[in-house]
Amino acid sequence: MQLKGVTKKYRHPVVDHVDLEVSKHRLTSFIGPNGAGKSTLLGMMSRLLPKNEGLIYINGQEIETWNSTELAKELAVLKQNQQVHVSMTVEEFVRFGRFPYTKGKITKSDEQIVEEALKNTNLLDFRTQDICTLSGGQYQRALIAMVLAQDTEWILLDEPLNHLDMKQAYEVMNLLRFLVDEKGKSIVIVMHDLNMASNFSDEIACFKNGKCIIHDTVDKVMKEEILSNLYEIPLEVVEIHGKKICIIKNGEKQ
């Protein structure tokens, strides 16, 4: 996915002429302080938000030229705090992912895809449970199962770890890693947890004041000078068991 000069303005630019190439078959995390433009950019990448300027290409085709049904077969998005307010089972909920293909007429092949999505998200035992009764972690897995059933190459997620405890967040990130490594998916995730990003991502893009200030591999992004500048607080990066972890330098001033 290629972004060229992508801009979103309200009174002032929220996303300011971003150039970015997001790699296929990788997990790419968007990080940065609140108001940096991460979620707005993701909204434009999914065509949920119109852009004011710039071009976004998915598999070589500009996003505005895609037919909506065909785009839904290529790209799936989970918005922040996506909630369901109707009573339905987990299995019924996951079936909605097949809508771009079936328009509501489920075939045996579709049922097999839904079954695999439930299996890959460890939700087989919850298939008949009402979606509204799930825990936070189970509900996030159900959302991801619906995305899996949609069977797209690209998956965009806006802060899916919000309101999850450490175990639930680990389960979600482990699942996303599985989708990249075993299913060949290309995932972009907006998140705030630097250490989750470091542990599970292939690449990290850092945003500040509407601009992408660096996009590179985890090792090249997880550096003290980059992260301290990004968040404007004194940070230290240490390596534990081959993974880079970010901690705050207590008592120090920038």
# chains A, B, ... in the order shown; residues from 1 in each chain; ligands from 1
>>> select_by_dssp(residues="stretch 16-248 of chain A", states="helix (DSSP H, G or I)", output="number ranges by chain")
A: 38-45, 63-65, 68-74, 90-102, 108-120, 124-126, 131-133, 136-150, 166-183, 194-200, 218-221, 224-231
>>> residues_around(residues="stretch 47-53 of chain A", least_positions_apart="4", cutoff="6 Å", atoms="only C-alpha atoms", output="list in words")
Val6, Thr7, Lys8 and Gly43 of chain A
>>> closest_atom_pairs(of="stretch 15-56 of chain A", to="stretch 217-237 of chain A", cutoff="12 Å", atoms="only C-alpha atoms", output="tab-separated table")
residue	atom	partner	partner_atom	distance
A:Val22	CA	A:Thr217	CA	11.5
A:Ser23	CA	A:Thr217	CA	10.9
A:Arg26	CA	A:Thr217	CA	10.5
A:Leu27	CA	A:Thr217	CA	10.5
A:Thr28	CA	A:Thr217	CA	9.0
A:Ser29	CA	A:Val218	CA	9.5
A:Phe30	CA	A:Val221	CA	11.5
A:Ile31	CA	A:Leu230	CA	9.3
A:Gly32	CA	A:Leu230	CA	6.6
A:Pro33	CA	A:Tyr231	CA	6.2
A:Asn34	CA	A:Tyr231	CA	9.7
A:Gly35	CA	A:Tyr231	CA	11.8
A:Ala36	CA	A:Leu230	CA	10.0
>>> write_last_selection(atoms="all heavy atoms", output="compact mmCIF listing (two decimals), in the first residue's frame")
# COMPACT_ATOMS: atom_id res chain seq x y z
N VAL A 22 3.60 0.91 2.89
CA VAL A 22 3.36 -0.13 3.89
C VAL A 22 3.59 -1.49 3.25
O VAL A 22 3.00 -1.81 2.21
CB VAL A 22 1.92 -0.04 4.45
CG1 VAL A 22 1.72 -1.06 5.56
CG2 VAL A 22 1.63 1.37 4.95
N SER A 23 4.45 -2.28 3.86
CA SER A 23 4.86 -3.56 3.28
C SER A 23 3.76 -4.62 3.37
O SER A 23 3.03 -4.69 4.36
CB SER A 23 6.11 -4.08 3.99
OG SER A 23 7.15 -3.14 3.95
N ARG A 26 3.37 -8.09 6.37
CA ARG A 26 4.05 -7.59 7.56
C ARG A 26 3.02 -7.04 8.53
O ARG A 26 1.91 -6.67 8.15
CB ARG A 26 5.04 -6.47 7.21
CG ARG A 26 6.20 -6.89 6.33
CD ARG A 26 7.22 -7.69 7.11
NE ARG A 26 8.43 -7.96 6.33
CZ ARG A 26 8.56 -9.01 5.54
NH1 ARG A 26 7.57 -9.86 5.40
NH2 ARG A 26 9.70 -9.21 4.88
N LEU A 27 3.41 -6.97 9.80
CA LEU A 27 2.60 -6.28 10.81
C LEU A 27 3.27 -4.93 11.06
O LEU A 27 4.39 -4.87 11.55
CB LEU A 27 2.52 -7.10 12.10
CG LEU A 27 1.39 -6.72 13.07
CD1 LEU A 27 1.13 -7.85 14.06
CD2 LEU A 27 1.69 -5.44 13.84
N THR A 28 2.58 -3.88 10.69
CA THR A 28 3.10 -2.52 10.83
C THR A 28 2.30 -1.77 11.88
O THR A 28 1.07 -1.69 11.78
CB THR A 28 3.02 -1.75 9.50
OG1 THR A 28 3.76 -2.46 8.50
CG2 THR A 28 3.58 -0.34 9.65
N SER A 29 2.99 -1.24 12.89
CA SER A 29 2.33 -0.48 13.95
C SER A 29 2.50 1.01 13.71
O SER A 29 3.60 1.47 13.37
CB SER A 29 2.91 -0.85 15.32
OG SER A 29 2.54 -2.17 15.68
N PHE A 30 1.41 1.76 13.89
CA PHE A 30 1.46 3.22 13.89
C PHE A 30 1.47 3.67 15.34
O PHE A 30 0.54 3.36 16.10
CB PHE A 30 0.22 3.80 13.21
CG PHE A 30 0.19 3.70 11.71
CD1 PHE A 30 1.20 3.04 11.00
CD2 PHE A 30 -0.86 4.26 10.99
CE1 PHE A 30 1.17 2.95 9.62
CE2 PHE A 30 -0.90 4.18 9.60
CZ PHE A 30 0.11 3.53 8.91
N ILE A 31 2.51 4.39 15.75
CA ILE A 31 2.59 4.87 17.12
C ILE A 31 2.82 6.39 17.12
O ILE A 31 3.16 6.97 16.09
CB ILE A 31 3.71 4.17 17.92
CG1 ILE A 31 5.10 4.55 17.37
CG2 ILE A 31 3.52 2.66 17.93
CD1 ILE A 31 6.25 4.12 18.27
N GLY A 32 2.66 6.99 18.30
CA GLY A 32 2.87 8.43 18.44
C GLY A 32 1.88 9.00 19.43
O GLY A 32 0.93 8.33 19.86
N PRO A 33 2.08 10.24 19.86
CA PRO A 33 1.20 10.85 20.87
C PRO A 33 -0.21 11.05 20.34
O PRO A 33 -0.46 10.99 19.13
CB PRO A 33 1.89 12.20 21.16
CG PRO A 33 2.71 12.48 19.94
CD PRO A 33 3.15 11.15 19.42
N ASN A 34 -1.15 11.30 21.26
CA ASN A 34 -2.51 11.62 20.88
C ASN A 34 -2.51 12.86 19.98
O ASN A 34 -1.74 13.79 20.19
CB ASN A 34 -3.38 11.91 22.11
CG ASN A 34 -3.71 10.64 22.86
OD1 ASN A 34 -3.72 9.55 22.31
ND2 ASN A 34 -3.99 10.77 24.15
N GLY A 35 -3.39 12.85 18.98
CA GLY A 35 -3.49 13.99 18.08
C GLY A 35 -2.45 14.01 16.98
O GLY A 35 -2.34 15.00 16.25
N ALA A 36 -1.68 12.92 16.85
CA ALA A 36 -0.62 12.88 15.84
C ALA A 36 -1.15 12.59 14.45
O ALA A 36 -0.42 12.71 13.47
CB ALA A 36 0.43 11.85 16.22
>>> select_by_dssp(residues="stretch 36-213 of chain A", states="strand (DSSP E or B)", output="PyMOL selection string")
chain A and resi 53-58+61-62+75-78+89+130+154-158+186-190+203-208+211-213
>>> closest_residue(among="A:Glu91, A:Lys105, A:Ser39, A:Val238", to="A:Asp125", atoms="only C-alpha atoms")
A:Glu91
